[in-house]
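S.K.: Have a peek at start.pdb (PDB, C-alpha atoms and all ligand atoms).
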ATOM      1  CA  MET A   1       0.141  -5.702 -23.613
ATOM      2  CA  SER A   2      -1.833  -8.705 -24.790
ATOM      3  CA  SER A   3      -4.928  -9.889 -22.983
ATOM      4  CA  THR A   4      -3.200 -13.065 -21.817
ATOM      5  CA  GLU A   5      -0.261 -11.296 -20.207
ATOM      6  CA  THR A   6      -0.093 -11.441 -16.440
ATOM      7  CA  ARG A   7       0.996  -8.397 -14.496
ATOM      8  CA  SER A   8       2.190  -8.524 -10.945
ATOM      9  CA  GLY A   9       3.324  -6.077  -8.332
ATOM     10  CA  HIS A  10       4.236  -5.758  -4.688
ATOM     11  CA  CYS A  11       4.990  -3.353  -1.867
ATOM     12  CA  LEU A  12       8.458  -2.207  -0.876
ATOM     13  CA  CYS A  13       9.078  -5.093   1.539
ATOM     14  CA  GLY A  14       7.273  -7.760  -0.503
ATOM     15  CA  ALA A  15       4.830  -8.842   2.226
ATOM     16  CA  VAL A  16       1.849  -7.830   0.068
ATOM     17  CA  GLY A  17       1.537  -8.474  -3.644
ATOM     18  CA  TYR A  18      -1.014  -8.958  -6.381
ATOM     19  CA  ARG A  19      -1.385 -10.304  -9.899
ATOM     20  CA  PHE A  20      -3.945  -9.958 -12.655
ATOM     21  CA  ASP A  21      -4.215 -11.425 -16.122
ATOM     22  CA  ARG A  22      -6.645  -8.990 -17.690
ATOM     23  CA  GLU A  23      -6.036  -5.822 -19.649
ATOM     24  CA  PRO A  24      -6.552  -2.742 -17.432
ATOM     25  CA  GLU A  25      -9.844  -0.939 -18.085
ATOM     26  CA  ALA A  26      -8.048   2.402 -17.979
ATOM     27  CA  VAL A  27      -4.964   4.207 -16.761
ATOM     28  CA  VAL A  28      -5.703   7.601 -15.238
ATOM     29  CA  LEU A  29      -3.429  10.145 -13.662
ATOM     30  CA  CYS A  30      -5.113  11.725 -10.621
ATOM     31  CA  HIS A  31      -4.099  15.063  -9.128
ATOM     32  CA  CYS A  32      -6.690  15.069  -6.333
ATOM     33  CA  ASP A  33      -5.779  16.167  -2.832
ATOM     34  CA  ASP A  34      -6.215  12.683  -1.405
ATOM     35  CA  CYS A  35      -3.999  11.060  -4.041
ATOM     36  CA  GLN A  36      -1.229  13.583  -3.422
ATOM     37  CA  ARG A  37      -1.402  13.042   0.323
ATOM     38  CA  HIS A  38      -1.810   9.275   0.091
ATOM     39  CA  THR A  39       1.160   8.799  -2.217
ATOM     40  CA  GLY A  40       3.268  11.594  -0.753
ATOM     41  CA  SER A  41       3.844  12.655  -4.344
ATOM     42  CA  ALA A  42       2.454  15.077  -6.943
ATOM     43  CA  PHE A  43      -0.178  12.692  -8.306
ATOM     44  CA  SER A  44      -1.185   9.057  -8.439
ATOM     45  CA  LEU A  45      -0.886   6.798 -11.467
ATOM     46  CA  ASN A  46      -4.116   4.831 -11.133
ATOM     47  CA  VAL A  47      -4.453   1.589 -13.088
ATOM     48  CA  LEU A  48      -8.107   0.489 -13.116
ATOM     49  CA  VAL A  49      -8.516  -3.281 -13.279
ATOM     50  CA  ALA A  50     -11.584  -5.532 -13.016
ATOM     51  CA  ARG A  51     -11.709  -6.474  -9.352
ATOM     52  CA  ASP A  52     -12.469 -10.139  -9.971
ATOM     53  CA  ALA A  53      -9.285 -10.411 -12.060
ATOM     54  CA  VAL A  54      -6.992  -9.320  -9.220
ATOM     55  CA  GLU A  55      -5.529 -11.886  -6.881
ATOM     56  CA  ILE A  56      -3.967 -10.472  -3.715
ATOM     57  CA  SER A  57      -1.215 -12.234  -1.779
ATOM     58  CA  GLY A  58      -0.375 -11.445   1.819
ATOM     59  CA  THR A  59      -2.677  -9.498   4.112
ATOM     60  CA  PRO A  60      -2.919  -5.812   3.305
ATOM     61  CA  ARG A  61      -4.262  -3.445   5.917
ATOM     62  CA  SER A  62      -7.159  -1.235   4.911
ATOM     63  CA  TYR A  63      -8.043   2.317   5.815
ATOM     64  CA  GLN A  64     -11.330   3.856   4.747
ATOM     65  CA  THR A  65     -11.422   7.471   3.649
ATOM     66  CA  LYS A  66     -14.180   9.795   2.514
ATOM     67  CA  GLY A  67     -12.966  11.637  -0.572
ATOM     68  CA  THR A  68     -11.943  15.211   0.191
ATOM     69  CA  GLU A  69     -13.008  16.187  -3.323
ATOM     70  CA  ASN A  70     -16.197  14.201  -3.931
ATOM     71  CA  GLY A  71     -17.207  12.646  -0.614
ATOM     72  CA  GLU A  72     -17.033   9.076  -1.979
ATOM     73  CA  LEU A  73     -15.786   6.265   0.244
ATOM     74  CA  ARG A  74     -12.512   4.513  -0.554
ATOM     75  CA  ASP A  75     -10.866   1.494   1.006
ATOM     76  CA  ARG A  76      -7.156   2.178   0.776
ATOM     77  CA  LEU A  77      -5.158  -1.024   0.999
ATOM     78  CA  PHE A  78      -1.560  -0.772   2.119
ATOM     79  CA  CYS A  79       1.198  -2.909   3.564
ATOM     80  CA  GLY A  80       1.115  -2.815   7.356
ATOM     81  CA  ASP A  81       4.837  -3.556   7.509
ATOM     82  CA  CYS A  82       6.339  -1.043   5.070
ATOM     83  CA  GLY A  83       3.374   1.309   4.536
ATOM     84  CA  THR A  84       3.297   1.193   0.747
ATOM     85  CA  PRO A  85      -0.120   2.152  -0.739
ATOM     86  CA  ILE A  86      -0.984  -0.670  -3.126
ATOM     87  CA  LEU A  87      -4.676  -0.894  -4.041
ATOM     88  CA  THR A  88      -7.779   1.271  -3.688
ATOM     89  CA  ILE A  89     -11.414   0.174  -3.816
ATOM     90  CA  LEU A  90     -13.958   2.804  -4.882
ATOM     91  CA  HIS A  91     -17.305   2.212  -3.181
ATOM     92  CA  GLU A  92     -19.172   3.743  -6.117
ATOM     93  CA  ARG A  93     -17.369   1.414  -8.588
ATOM     94  CA  PRO A  94     -17.100  -1.875  -6.665
ATOM     95  CA  GLU A  95     -16.455  -3.861  -9.850
ATOM     96  CA  LEU A  96     -13.056  -2.169 -10.179
ATOM     97  CA  ILE A  97      -9.907  -2.026  -8.139
ATOM     98  CA  ILE A  98      -7.258   0.646  -8.540
ATOM     99  CA  VAL A  99      -3.708  -0.598  -8.702
ATOM    100  CA  LYS A 100      -1.128   2.030  -7.747
ATOM    101  CA  GLY A 101       0.965   2.131 -10.920
ATOM    102  CA  GLY A 102       4.295   2.490  -9.164
ATOM    103  CA  THR A 103       3.891  -0.861  -7.406
ATOM    104  CA  LEU A 104       3.819  -2.855 -10.669
ATOM    105  CA  ASP A 105       6.844  -4.978 -11.517
ATOM    106  CA  ASP A 106       6.524  -4.150 -15.226
ATOM    107  CA  ARG A 107       5.579  -0.492 -15.687
ATOM    108  CA  SER A 108       5.727  -0.461 -19.468
ATOM    109  CA  GLY A 109       2.776   0.755 -21.515
ATOM    110  CA  LEU A 110       1.108   2.656 -18.676
ATOM    111  CA  GLU A 111       0.750   6.053 -20.337
ATOM    112  CA  PRO A 112      -2.433   7.544 -18.860
ATOM    113  CA  ALA A 113      -5.415   8.127 -21.164
ATOM    114  CA  ALA A 114      -6.614  11.094 -19.117
ATOM    115  CA  GLU A 115      -5.877  13.288 -16.127
ATOM    116  CA  VAL A 116      -8.487  14.032 -13.480
ATOM    117  CA  TRP A 117      -8.755  16.678 -10.770
ATOM    118  CA  SER A 118      -6.441  18.950 -12.745
ATOM    119  CA  ARG A 119      -7.631  21.915 -10.696
ATOM    120  CA  ARG A 120      -5.633  20.425  -7.836
ATOM    121  CA  ALA A 121      -2.536  19.819  -9.953
ATOM    122  CA  GLN A 122       0.703  21.286  -8.648
ATOM    123  CA  ASP A 123       1.540  24.497 -10.495
ATOM    124  CA  TRP A 124       4.834  23.290 -11.980
ATOM    125  CA  ILE A 125       3.193  20.499 -13.970
ATOM    126  CA  THR A 126       2.902  21.322 -17.664
ATOM    127  CA  PRO A 127      -0.254  19.843 -19.217
ATOM    128  CA  ASP A 128       0.309  17.366 -22.024
ATOM    129  CA  ARG A 129      -1.557  18.782 -25.032
ATOM    130  CA  GLY A 130      -2.374  15.336 -26.309
ATOM    131  CA  ARG A 131      -4.023  14.138 -23.120
ATOM    132  CA  PRO A 132      -7.548  15.043 -21.957
ATOM    133  CA  ARG A 133      -7.632  16.819 -18.600
ATOM    134  CA  PHE A 134     -10.700  17.118 -16.425
ATOM    135  CA  ALA A 135     -11.008  19.705 -13.660
ATOM    136  CA  GLY A 136     -12.758  17.122 -11.460
ATOM    137  CA  ASP A 137     -13.749  13.486 -11.887
ATOM    138  CA  ALA A 138     -13.882  12.156 -15.449
ATOM    139  CA  PRO A 139     -17.414  12.556 -16.870
TER
HETATM  140 ZN    ZN A 201       5.446  -4.119   2.551
HETATM  141 ZN    ZN A 202      -7.178  10.972  -6.697
END
Any chance you could put this one into C-alpha cells?
Ligand SMILES: [Zn+2]
Ligand SMILES: [Zn+2]

M.R.:
Amino acid sequence: MSSTETRSGHCLCGAVGYRFDREPEAVVLCHCDDCQRHTGSAFSLNVLVARDAVEISGTPRSYQTKGTENGELRDRLFCGDCGTPILTILHERPELIIVKGGTLDDRSGLEPAAEVWSRRAQDWITPDRGRPRFAGDAP
C-alpha cells in the first residue's frame, strides 16, 4: 500500500463508516479476552492508524471498558443500528485509533506484524513461526 492510498470501511448496515489516507502504524493480532468477547471471534485483527488521519462518517455509539487484562480504558465505537464493532480508542495511546480489520473494504496487505496476549489464545490456533508472539501486551 502506498502512502497516498485511501482506505475505507464500514459496518454491516453502512450507517457508520470511516476513511484514512495514511499508512497504518502497525497491524497486530490480539488474542486478549476482551477482543475475543468484543468480536465474538477467536481474536481481533487490529489495524493501528494515526487518529488524526481517520475521518468517521455517521454517528457511532461508544462504550467504555476497562481492560480485563491490563486495566486500561478503551472507548469501543460500534454501530448502534447493526452492532458492528468498528473502532477502538486506547486511553493510554490517544494519538492512535484501532480500526477493526474485518470492517475494511480492501483487506489486502493486512498480515499482522505481531500477536499479543498469546496466553489467552484459543488452544487450536497454531502459532506462525515467522511472527513474534507476546504473552501479554507488546513491549
Ligand atoms: Zn451498522
Ligand atoms: Zn485485545

S.K.: Taking all atoms listed in the file into account, name the residue in A:Glu95, A:Asp123, A:Glu111, A:Glu69 that is nearest to ligand ZN 202 (chain A).

M.R.: A:Glu69

S.K.: Smallest atom-to-atom distance to ligand ZN 202 (chain A): which of A:Asp137, A:Glu25, A:Asp128, A:Glu5, using only C-alpha atoms and all ligand atoms?

M.R.: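 The answer is A:Asp137, which sits nearest to ligand ZN 202 (chain A).
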
S.K.: For Ala121 in chain A, which residue out of A:Thr68, A:Thr88, A:Thr59, A:Ser44 is the nearest one, using all atoms listed in the file?

M.R.: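 Closest to Ala121 in chain A, using all atoms listed in the file: A:Ser44.
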
S.K.: Can I get the residues close to ligand ZN 202 (chain A) as a tab-separated table (two decimals) with C-alpha atoms, in the frame of the given file, where close means within 7 Å and we count only C-alpha atoms and all ligand atoms?

M.R.:
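Just written: result.tsv:
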chain	number	residue	atom	x	y	z
A	30	CYS	CA	-5.11	11.72	-10.62
A	31	HIS	CA	-4.10	15.06	-9.13
A	32	CYS	CA	-6.69	15.07	-6.33
A	33	ASP	CA	-5.78	16.17	-2.83
A	34	ASP	CA	-6.22	12.68	-1.40
A	35	CYS	CA	-4.00	11.06	-4.04
A	44	SER	CA	-1.18	9.06	-8.44

S.K.: Would you kindly translate the PyMOL selection byres (((not hetatm)) within 10 of (chain A and resi 201)) into the concrete residues it picks from this file, as a list of chain:residue names?

M.R.: A:His10, A:Cys11, A:Leu12, A:Cys13, A:Gly14, A:Ala15, A:Val16, A:Gly17, A:Gly58, A:Thr59, A:Pro60, A:Phe78, A:Cys79, A:Gly80, A:Asp81, A:Cys82, A:Gly83, A:Thr84, A:Pro85, A:Ile86

S.K.: Rounded to one decimal place, report the CA of Glu72 in chain A-CA of Leu90 in chain A distance in Å.

M.R.: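 Atom-to-atom, CA of Glu72 in chain A to CA of Leu90 in chain A, that is 7.6 Å.
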
S.K.: Go through A:Phe43, A:Leu96, A:Arg37, A:Arg119 one by one, measure the shortest atom-to-atom distance of each to Gly67 in chain A using all atoms listed in the file, and give the residue with the smallest value.

M.R.: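 Closest residue, counting all atoms listed in the file: A:Arg37.
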
S.K.: Need the axis-aligned box for range 88-104 of chain A with 3 Å each side, so what are the centre and edges in Å to one decimal, as AutoDock Vina command-line options?

M.R.:
--center_x -7.4 --center_y -0.1 --center_z -7.1 --size_x 29.5 --size_y 13.6 --size_z 13.7

S.K.: Which residues, written as number ranges by chain, have at least one atom at most 7 Å from Ala114 in chain A, with only C-alpha atoms counted and residues fewer than 2 positions away on the same chain left out?

M.R.: A: 28-29, 112, 116, 131-133

S.K.: Interatomic distance between CA of Glu115 in chain A and CA of Pro24 in chain A?

M.R.: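 Taking CA of Glu115 in chain A and CA of Pro24 in chain A, their separation equals 16.1 Å.
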
S.K.: Please indicate the distance in Å from CA of Thr65 in chain A to CA of Asp106 in chain A, rounded to one decimal place.

M.R.: 28.5 Å

S.K.: Counting only C-alpha atoms, I want the residues whose atoms come within 8 Å of (-6.9, -2.5, -6.1) in the file frame, returned as a list of chain:residue names.

M.R.: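 The distance filter leaves exactly A:Leu48, A:Val49, A:Arg51, A:Val54, A:Leu77, A:Ile86, A:Leu87, A:Thr88, A:Ile89, A:Leu96, A:Ile97, A:Ile98, A:Val99, A:Lys100.
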
S.K.: Just want the 12 Å neighbourhood of Glu23 in chain A, counted on all atoms listed in the file, with same-chain residues fewer than 2 positions away dropped. Output as a list in words.

M.R.: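 The residues satisfying every condition are Met1, Ser2, Ser3, Thr4, Glu5, Thr6, Arg7, Arg19, Phe20, Asp21, Glu25, Ala26, Val27, Val47, Leu48, Val49, Ala50, Arg51, Ala53, Val54, Gly109 and Leu110 of chain A.
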
S.K.: Restricting the calculation to only C-alpha atoms, which member of A:Trp117, A:Thr126, A:Ser8, A:Tyr63 is positioned closest to Pro139 in chain A?

M.R.: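 Using only C-alpha atoms, Pro139 in chain A sits closest to A:Trp117.
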
S.K.: Working from the structure I just supplied, which lacks atoms in range 22-42 of chain A, can you model N, CA and C atoms there and output them as a PDB file, in the frame of the given file?

M.R.:
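Just written: part-v5.pdb:
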ATOM      1  N   ARG A  22      -5.742  -9.676 -16.770  1.00  0.00           N
ATOM      2  CA  ARG A  22      -6.645  -8.990 -17.690  1.00  0.00           C
ATOM      3  C   ARG A  22      -6.101  -7.600 -18.018  1.00  0.00           C
ATOM      4  N   GLU A  23      -6.424  -7.160 -19.219  1.00  0.00           N
ATOM      5  CA  GLU A  23      -6.036  -5.822 -19.649  1.00  0.00           C
ATOM      6  C   GLU A  23      -6.661  -4.781 -18.720  1.00  0.00           C
ATOM      7  N   PRO A  24      -5.916  -3.781 -18.249  1.00  0.00           N
ATOM      8  CA  PRO A  24      -6.552  -2.742 -17.432  1.00  0.00           C
ATOM      9  C   PRO A  24      -7.684  -2.057 -18.200  1.00  0.00           C
ATOM     10  N   GLU A  25      -8.719  -1.648 -17.467  1.00  0.00           N
ATOM     11  CA  GLU A  25      -9.844  -0.939 -18.085  1.00  0.00           C
ATOM     12  C   GLU A  25      -9.410   0.471 -18.485  1.00  0.00           C
ATOM     13  N   ALA A  26      -8.520   1.053 -17.694  1.00  0.00           N
ATOM     14  CA  ALA A  26      -8.048   2.402 -17.979  1.00  0.00           C
ATOM     15  C   ALA A  26      -6.832   2.702 -17.113  1.00  0.00           C
ATOM     16  N   VAL A  27      -6.044   3.659 -17.576  1.00  0.00           N
ATOM     17  CA  VAL A  27      -4.964   4.207 -16.761  1.00  0.00           C
ATOM     18  C   VAL A  27      -5.209   5.708 -16.671  1.00  0.00           C
ATOM     19  N   VAL A  28      -5.335   6.201 -15.451  1.00  0.00           N
ATOM     20  CA  VAL A  28      -5.703   7.601 -15.238  1.00  0.00           C
ATOM     21  C   VAL A  28      -4.745   8.222 -14.230  1.00  0.00           C
ATOM     22  N   LEU A  29      -4.301   9.413 -14.567  1.00  0.00           N
ATOM     23  CA  LEU A  29      -3.429  10.145 -13.662  1.00  0.00           C
ATOM     24  C   LEU A  29      -4.312  11.069 -12.821  1.00  0.00           C
ATOM     25  N   CYS A  30      -4.223  10.950 -11.497  1.00  0.00           N
ATOM     26  CA  CYS A  30      -5.113  11.725 -10.621  1.00  0.00           C
ATOM     27  C   CYS A  30      -4.323  12.709  -9.775  1.00  0.00           C
ATOM     28  N   HIS A  31      -4.751  13.989  -9.870  1.00  0.00           N
ATOM     29  CA  HIS A  31      -4.099  15.063  -9.128  1.00  0.00           C
ATOM     30  C   HIS A  31      -4.838  15.408  -7.839  1.00  0.00           C
ATOM     31  N   CYS A  32      -5.837  14.632  -7.444  1.00  0.00           N
ATOM     32  CA  CYS A  32      -6.690  15.069  -6.333  1.00  0.00           C
ATOM     33  C   CYS A  32      -5.903  15.175  -5.031  1.00  0.00           C
ATOM     34  N   ASP A  33      -6.451  15.916  -4.107  1.00  0.00           N
ATOM     35  CA  ASP A  33      -5.779  16.167  -2.832  1.00  0.00           C
ATOM     36  C   ASP A  33      -5.463  14.860  -2.110  1.00  0.00           C
ATOM     37  N   ASP A  34      -6.430  13.951  -2.112  1.00  0.00           N
ATOM     38  CA  ASP A  34      -6.215  12.683  -1.405  1.00  0.00           C
ATOM     39  C   ASP A  34      -5.098  11.868  -2.042  1.00  0.00           C
ATOM     40  N   CYS A  35      -5.054  11.832  -3.368  1.00  0.00           N
ATOM     41  CA  CYS A  35      -3.999  11.060  -4.041  1.00  0.00           C
ATOM     42  C   CYS A  35      -2.616  11.647  -3.757  1.00  0.00           C
ATOM     43  N   GLN A  36      -2.527  12.978  -3.725  1.00  0.00           N
ATOM     44  CA  GLN A  36      -1.229  13.583  -3.422  1.00  0.00           C
ATOM     45  C   GLN A  36      -0.794  13.226  -2.001  1.00  0.00           C
ATOM     46  N   ARG A  37      -1.736  13.321  -1.068  1.00  0.00           N
ATOM     47  CA  ARG A  37      -1.402  13.042   0.323  1.00  0.00           C
ATOM     48  C   ARG A  37      -1.101  11.546   0.531  1.00  0.00           C
ATOM     49  N   HIS A  38      -1.932  10.722  -0.090  1.00  0.00           N
ATOM     50  CA  HIS A  38      -1.810   9.275   0.091  1.00  0.00           C
ATOM     51  C   HIS A  38      -0.492   8.748  -0.456  1.00  0.00           C
ATOM     52  N   THR A  39      -0.071   9.284  -1.605  1.00  0.00           N
ATOM     53  CA  THR A  39       1.160   8.799  -2.217  1.00  0.00           C
ATOM     54  C   THR A  39       2.378   9.576  -1.731  1.00  0.00           C
ATOM     55  N   GLY A  40       2.146  10.741  -1.115  1.00  0.00           N
ATOM     56  CA  GLY A  40       3.268  11.594  -0.753  1.00  0.00           C
ATOM     57  C   GLY A  40       3.953  12.177  -1.974  1.00  0.00           C
ATOM     58  N   SER A  41       3.242  12.199  -3.099  1.00  0.00           N
ATOM     59  CA  SER A  41       3.844  12.655  -4.344  1.00  0.00           C
ATOM     60  C   SER A  41       2.923  13.672  -5.019  1.00  0.00           C
ATOM     61  N   ALA A  42       3.209  14.028  -6.270  1.00  0.00           N
ATOM     62  CA  ALA A  42       2.454  15.077  -6.943  1.00  0.00           C
ATOM     63  C   ALA A  42       1.130  14.566  -7.507  1.00  0.00           C
TER      64      ALA A  42
END
